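J.: This is the content of work.cif (mmCIF, C-alpha atoms; chains and numbers go by the auth columns):
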```cif
data_protein
#
loop_
_atom_site.group_PDB
_atom_site.id
_atom_site.type_symbol
_atom_site.label_atom_id
_atom_site.label_comp_id
_atom_site.label_asym_id
_atom_site.label_seq_id
_atom_site.Cartn_x
_atom_site.Cartn_y
_atom_site.Cartn_z
_atom_site.B_iso_or_equiv
_atom_site.auth_seq_id
_atom_site.auth_asym_id
ATOM 1 C CA MET A 1 6.682 11.255 -13.483 0.00 27 A
ATOM 2 C CA LYS A 2 5.533 8.975 -10.707 0.00 28 A
ATOM 3 C CA ALA A 3 3.052 6.114 -10.557 0.00 29 A
ATOM 4 C CA LYS A 4 1.351 4.847 -7.441 0.00 30 A
ATOM 5 C CA VAL A 5 0.431 1.183 -7.572 0.00 31 A
ATOM 6 C CA TYR A 6 -1.864 -0.522 -5.083 0.00 32 A
ATOM 7 C CA VAL A 7 -1.869 -4.307 -4.923 0.00 33 A
ATOM 8 C CA THR A 8 -4.519 -5.986 -2.799 0.00 34 A
ATOM 9 C CA LEU A 9 -5.685 -9.529 -2.228 0.00 35 A
ATOM 10 C CA LYS A 10 -8.789 -10.454 -4.173 0.00 36 A
ATOM 11 C CA GLU A 11 -11.979 -10.739 -2.211 0.00 37 A
ATOM 12 C CA GLY A 12 -12.396 -14.238 -0.895 0.00 38 A
ATOM 13 C CA VAL A 13 -8.654 -14.860 -0.617 0.00 39 A
ATOM 14 C CA LEU A 14 -7.660 -15.557 2.974 0.00 40 A
ATOM 15 C CA ASP A 15 -5.389 -12.968 4.569 0.00 41 A
ATOM 16 C CA PRO A 16 -3.747 -14.448 7.687 0.00 42 A
ATOM 17 C CA GLN A 17 -1.444 -11.435 8.035 0.00 43 A
ATOM 18 C CA GLY A 18 -4.461 -9.136 8.049 0.00 44 A
ATOM 19 C CA GLN A 19 -6.240 -11.315 10.584 0.00 45 A
ATOM 20 C CA ALA A 20 -3.197 -11.201 12.846 0.00 46 A
ATOM 21 C CA VAL A 21 -3.122 -7.411 12.603 0.00 47 A
ATOM 22 C CA ALA A 22 -6.854 -7.158 13.349 0.00 48 A
ATOM 23 C CA ARG A 23 -6.475 -9.385 16.405 0.00 49 A
ATOM 24 C CA ALA A 24 -3.427 -7.472 17.594 0.00 50 A
ATOM 25 C CA LEU A 25 -5.321 -4.175 17.290 0.00 51 A
ATOM 26 C CA GLY A 26 -8.162 -5.708 19.280 0.00 52 A
ATOM 27 C CA ARG A 27 -5.743 -6.768 22.027 0.00 53 A
ATOM 28 C CA LEU A 28 -4.347 -3.224 22.085 0.00 54 A
ATOM 29 C CA GLY A 29 -7.812 -1.991 23.038 0.00 55 A
ATOM 30 C CA PHE A 30 -9.175 -1.005 19.651 0.00 56 A
ATOM 31 C CA SER A 31 -12.330 -3.070 20.008 0.00 57 A
ATOM 32 C CA GLU A 32 -13.914 -1.336 17.007 0.00 58 A
ATOM 33 C CA VAL A 33 -11.610 -3.163 14.592 0.00 59 A
ATOM 34 C CA GLN A 34 -13.557 -5.844 12.761 0.00 60 A
ATOM 35 C CA ASP A 35 -11.143 -6.847 10.062 0.00 61 A
ATOM 36 C CA ALA A 36 -7.906 -5.794 8.392 0.00 62 A
ATOM 37 C CA ARG A 37 -6.458 -6.654 5.022 0.00 63 A
ATOM 38 C CA ILE A 38 -2.880 -5.995 4.038 0.00 64 A
ATOM 39 C CA GLY A 39 -1.771 -5.007 0.581 0.00 65 A
ATOM 40 C CA LYS A 40 1.227 -3.432 -1.075 0.00 66 A
ATOM 41 C CA TYR A 41 1.719 0.169 -2.050 0.00 67 A
ATOM 42 C CA ILE A 42 4.434 0.761 -4.637 0.00 68 A
ATOM 43 C CA GLU A 43 5.718 4.096 -5.867 0.00 69 A
ATOM 44 C CA VAL A 44 7.469 3.848 -9.219 0.00 70 A
ATOM 45 C CA GLN A 45 9.545 6.749 -10.508 0.00 71 A
ATOM 46 C CA LEU A 46 9.433 6.902 -14.300 0.00 72 A
ATOM 47 C CA ALA A 47 11.250 8.858 -16.977 0.00 73 A
ATOM 48 C CA ASP A 48 9.083 11.687 -18.236 0.00 74 A
ATOM 49 C CA ASP A 49 9.326 10.858 -21.931 0.00 75 A
ATOM 50 C CA VAL A 50 7.570 7.475 -21.901 0.00 76 A
ATOM 51 C CA LYS A 51 4.905 6.752 -24.455 0.00 77 A
ATOM 52 C CA ASP A 52 1.907 4.691 -23.368 0.00 78 A
ATOM 53 C CA VAL A 53 2.552 4.890 -19.633 0.00 79 A
ATOM 54 C CA GLU A 54 -0.791 3.271 -18.886 0.00 80 A
ATOM 55 C CA GLY A 55 0.013 0.270 -21.049 0.00 81 A
ATOM 56 C CA HIS A 56 3.453 -0.120 -19.526 0.00 82 A
ATOM 57 C CA LEU A 57 2.132 0.112 -15.974 0.00 83 A
ATOM 58 C CA LYS A 58 -0.473 -2.531 -16.701 0.00 84 A
ATOM 59 C CA GLN A 59 2.260 -4.829 -17.991 0.00 85 A
ATOM 60 C CA MET A 60 4.495 -4.134 -14.979 0.00 86 A
ATOM 61 C CA CYS A 61 1.645 -5.145 -12.681 0.00 87 A
ATOM 62 C CA GLU A 62 0.742 -8.242 -14.648 0.00 88 A
ATOM 63 C CA LYS A 63 4.334 -9.411 -15.033 0.00 89 A
ATOM 64 C CA LEU A 64 5.917 -8.546 -11.717 0.00 90 A
ATOM 65 C CA LEU A 65 4.152 -6.389 -9.175 0.00 91 A
ATOM 66 C CA ALA A 66 0.965 -8.395 -8.664 0.00 92 A
ATOM 67 C CA ASN A 67 0.207 -12.089 -8.631 0.00 93 A
ATOM 68 C CA THR A 68 -3.008 -11.869 -10.612 0.00 94 A
ATOM 69 C CA VAL A 69 -4.186 -15.306 -9.480 0.00 95 A
ATOM 70 C CA ILE A 70 -4.824 -14.023 -5.980 0.00 96 A
ATOM 71 C CA GLU A 71 -4.223 -10.268 -6.199 0.00 97 A
ATOM 72 C CA GLU A 72 -5.739 -7.323 -7.983 0.00 98 A
ATOM 73 C CA TYR A 73 -4.109 -4.007 -8.693 0.00 99 A
ATOM 74 C CA ARG A 74 -4.877 -0.422 -9.515 0.00 100 A
ATOM 75 C CA TYR A 75 -2.605 2.470 -10.278 0.00 101 A
ATOM 76 C CA GLU A 76 -2.646 6.204 -10.632 0.00 102 A
ATOM 77 C CA ILE A 77 -0.208 8.394 -12.496 0.00 103 A
ATOM 78 C CA VAL A 78 1.072 11.523 -10.786 0.00 104 A
ATOM 79 C CA LYS A 79 2.755 14.167 -12.890 0.00 105 A
ATOM 80 C CA MET B 1 -16.774 2.249 8.131 0.00 12 B
ATOM 81 C CA LYS B 2 -13.445 1.598 6.508 0.00 13 B
ATOM 82 C CA ALA B 3 -10.039 3.223 6.851 0.00 14 B
ATOM 83 C CA LYS B 4 -7.258 3.064 4.306 0.00 15 B
ATOM 84 C CA VAL B 5 -3.791 3.322 5.790 0.00 16 B
ATOM 85 C CA TYR B 6 -0.647 3.888 3.751 0.00 17 B
ATOM 86 C CA VAL B 7 2.705 3.197 5.374 0.00 18 B
ATOM 87 C CA THR B 8 5.819 4.253 3.492 0.00 19 B
ATOM 88 C CA LEU B 9 9.506 4.420 4.257 0.00 20 B
ATOM 89 C CA LYS B 10 10.727 7.868 5.193 0.00 21 B
ATOM 90 C CA GLU B 11 12.764 9.708 2.621 0.00 22 B
ATOM 91 C CA GLY B 12 16.404 8.876 3.028 0.00 23 B
ATOM 92 C CA VAL B 13 15.744 5.389 4.380 0.00 24 B
ATOM 93 C CA LEU B 14 17.255 2.753 2.098 0.00 25 B
ATOM 94 C CA ASP B 15 14.749 0.455 0.402 0.00 26 B
ATOM 95 C CA PRO B 16 16.557 -2.652 -0.903 0.00 27 B
ATOM 96 C CA GLN B 17 13.244 -4.320 -1.775 0.00 28 B
ATOM 97 C CA GLY B 18 12.295 -1.334 -3.897 0.00 29 B
ATOM 98 C CA GLN B 19 15.696 -1.303 -5.581 0.00 30 B
ATOM 99 C CA ALA B 20 15.316 -4.985 -6.426 0.00 31 B
ATOM 100 C CA VAL B 21 11.897 -4.312 -7.944 0.00 32 B
ATOM 101 C CA ALA B 22 13.231 -1.358 -9.960 0.00 33 B
ATOM 102 C CA ARG B 23 16.101 -3.473 -11.310 0.00 34 B
ATOM 103 C CA ALA B 24 13.781 -6.365 -12.113 0.00 35 B
ATOM 104 C CA LEU B 25 11.464 -4.033 -14.031 0.00 36 B
ATOM 105 C CA GLY B 26 14.468 -2.725 -15.952 0.00 37 B
ATOM 106 C CA ARG B 27 15.498 -6.267 -16.869 0.00 38 B
ATOM 107 C CA LEU B 28 11.951 -6.939 -18.069 0.00 39 B
ATOM 108 C CA GLY B 29 12.393 -4.160 -20.600 0.00 40 B
ATOM 109 C CA PHE B 30 10.860 -1.220 -18.750 0.00 41 B
ATOM 110 C CA SER B 31 13.877 1.000 -19.190 0.00 42 B
ATOM 111 C CA GLU B 32 11.881 4.079 -18.085 0.00 43 B
ATOM 112 C CA VAL B 33 11.834 2.859 -14.471 0.00 44 B
ATOM 113 C CA GLN B 34 14.226 4.969 -12.401 0.00 45 B
ATOM 114 C CA ASP B 35 13.311 3.930 -8.901 0.00 46 B
ATOM 115 C CA ALA B 36 10.709 2.054 -6.907 0.00 47 B
ATOM 116 C CA ARG B 37 9.782 2.218 -3.258 0.00 48 B
ATOM 117 C CA ILE B 38 7.632 -0.339 -1.519 0.00 49 B
ATOM 118 C CA GLY B 39 5.168 0.450 1.226 0.00 50 B
ATOM 119 C CA LYS B 40 2.195 -1.150 2.884 0.00 51 B
ATOM 120 C CA TYR B 41 -1.451 -0.523 2.181 0.00 52 B
ATOM 121 C CA ILE B 42 -3.799 -1.592 4.967 0.00 53 B
ATOM 122 C CA GLU B 43 -7.583 -1.599 4.883 0.00 54 B
ATOM 123 C CA VAL B 44 -9.127 -1.619 8.337 0.00 55 B
ATOM 124 C CA GLN B 45 -12.818 -2.370 8.766 0.00 56 B
ATOM 125 C CA LEU B 46 -14.231 -0.500 11.766 0.00 57 B
ATOM 126 C CA ALA B 47 -17.490 -0.530 13.668 0.00 58 B
ATOM 127 C CA ASP B 48 -19.651 2.412 12.640 0.00 59 B
ATOM 128 C CA ASP B 49 -20.271 3.762 16.125 0.00 60 B
ATOM 129 C CA VAL B 50 -16.712 4.729 17.037 0.00 61 B
ATOM 130 C CA LYS B 51 -16.048 8.105 18.568 0.00 62 B
ATOM 131 C CA ASP B 52 -12.842 9.901 17.582 0.00 63 B
ATOM 132 C CA VAL B 53 -11.946 7.636 14.656 0.00 64 B
ATOM 133 C CA GLU B 54 -9.104 9.945 13.650 0.00 65 B
ATOM 134 C CA GLY B 55 -7.501 9.757 17.052 0.00 66 B
ATOM 135 C CA HIS B 56 -7.850 5.981 17.203 0.00 67 B
ATOM 136 C CA LEU B 57 -6.362 5.533 13.738 0.00 68 B
ATOM 137 C CA LYS B 58 -3.421 7.698 14.652 0.00 69 B
ATOM 138 C CA GLN B 59 -2.800 5.551 17.709 0.00 70 B
ATOM 139 C CA MET B 60 -3.127 2.325 15.704 0.00 71 B
ATOM 140 C CA CYS B 61 -0.476 3.577 13.306 0.00 72 B
ATOM 141 C CA GLU B 62 1.861 4.757 16.031 0.00 73 B
ATOM 142 C CA LYS B 63 1.498 1.615 18.125 0.00 74 B
ATOM 143 C CA LEU B 64 1.344 -1.154 15.568 0.00 75 B
ATOM 144 C CA LEU B 65 0.947 -0.415 11.875 0.00 76 B
ATOM 145 C CA ALA B 66 3.978 1.779 11.300 0.00 77 B
ATOM 146 C CA ASN B 67 7.474 1.831 12.710 0.00 78 B
ATOM 147 C CA THR B 68 7.720 5.570 13.118 0.00 79 B
ATOM 148 C CA VAL B 69 11.506 5.519 13.372 0.00 80 B
ATOM 149 C CA ILE B 70 11.814 4.669 9.690 0.00 81 B
ATOM 150 C CA GLU B 71 8.279 4.855 8.353 0.00 82 B
ATOM 151 C CA GLU B 72 5.616 7.498 7.929 0.00 83 B
ATOM 152 C CA TYR B 73 1.899 6.933 7.526 0.00 84 B
ATOM 153 C CA ARG B 74 -1.224 8.582 6.282 0.00 85 B
ATOM 154 C CA TYR B 75 -4.807 7.421 6.351 0.00 86 B
ATOM 155 C CA GLU B 76 -8.156 8.253 4.904 0.00 87 B
ATOM 156 C CA ILE B 77 -11.542 7.338 6.254 0.00 88 B
ATOM 157 C CA VAL B 78 -14.129 5.936 3.864 0.00 89 B
ATOM 158 C CA LYS B 79 -17.741 5.868 4.926 0.00 90 B
#
```
Can the structure from this file be put into structure tokens for me?
T.:
Amino acid sequence: MKAKVYVTLKEGVLDPQGQAVARALGRLGFSEVQDARIGKYIEVQLADDVKDVEGHLKQMCEKLLANTVIEEYRYEIVK
Amino acid sequence: MKAKVYVTLKEGVLDPQGQAVARALGRLGFSEVQDARIGKYIEVQLADDVKDVEGHLKQMCEKLLANTVIEEYRYEIVK
């Protein structure tokens, strides 16, 4: 089975990379762009016979995939 | 309005960062992890009065957000 994990910066945390992207899009002529924020998208392939996938995914995020001081995460499980 | 853009490596393109994450998860005890692939998740805030949002987003991806030689993208528009 597969899990899709989305890691984003918490609201209020500065995102210089996102600001650079927003400005670059503006310079390219996309004047409608007001802001951009960059996060991570992680696809994790898992063995099918895992018990408590939800619990494991939460731990993976807390321990490795996200820095919970400045980032938040969400995940979805795809069969 | 807001657009969510997902940029992922094309199938067949090596992802050393993803492999490192998969191995690290294994070492942390998550033996069910078989593979991981890392992509980007970009939230773009757009002015509400844009015409042809779809077309503009496609161009933004092609020109800046994705490297279409090795990456593919998809987006969804959130009101």
J.: Set the cut-off to 6 Å and count all atoms listed in the file: what are the residues of chain B that reach chain A? Output as a list in words.
T.: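 Interface list for chain B against chain A: Glu43, Val44, Gln45, Asp46, Ala47, Arg48, Ile49, Gly50, Lys51, Tyr52, Ile53, Glu54, Val55, Gln56, Leu57 and Ala58 of chain B.
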J.: Kindly resolve the PyMOL selection byres ((chain B and resi 21) around 10) on the present coordinates and return the residues as a VMD selection string.
T.: chain B and resid 18 to 20 22 to 26 79 to 84
J.: Rounded to one decimal, what separation in Å do you get between atom CA of Glu80 of chain A and atom CA of Ile88 of chain B?
T.: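 That distance, rounded to one decimal, is 27.6 Å.
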J.: What does the distance between atom CA of Lys69 of chain B and atom CA of Arg85 of chain B come to in Å, to one decimal place?
T.: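 Those two atoms sit 8.7 Å apart.
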J.: Just to confirm, what's the straight-line distance from atom CA of Glu102 of chain A to atom CA of Gly81 of chain A in Å (one decimal)?
T.: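 Interatomic distance, atom CA of Glu102 of chain A to atom CA of Gly81 of chain A: 12.3 Å.
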J.: Return as lines of an AutoDock Vina configuration file the box centre and box size in Å, one decimal, for an axis-aligned box around all listed atoms of segment 67-75 of chain B padded by 3 Å per side.
T.:
```
center_x = -3.0
center_y = 3.3
center_z = 15.7
size_x = 15.7
size_y = 14.9
size_z = 10.8
```
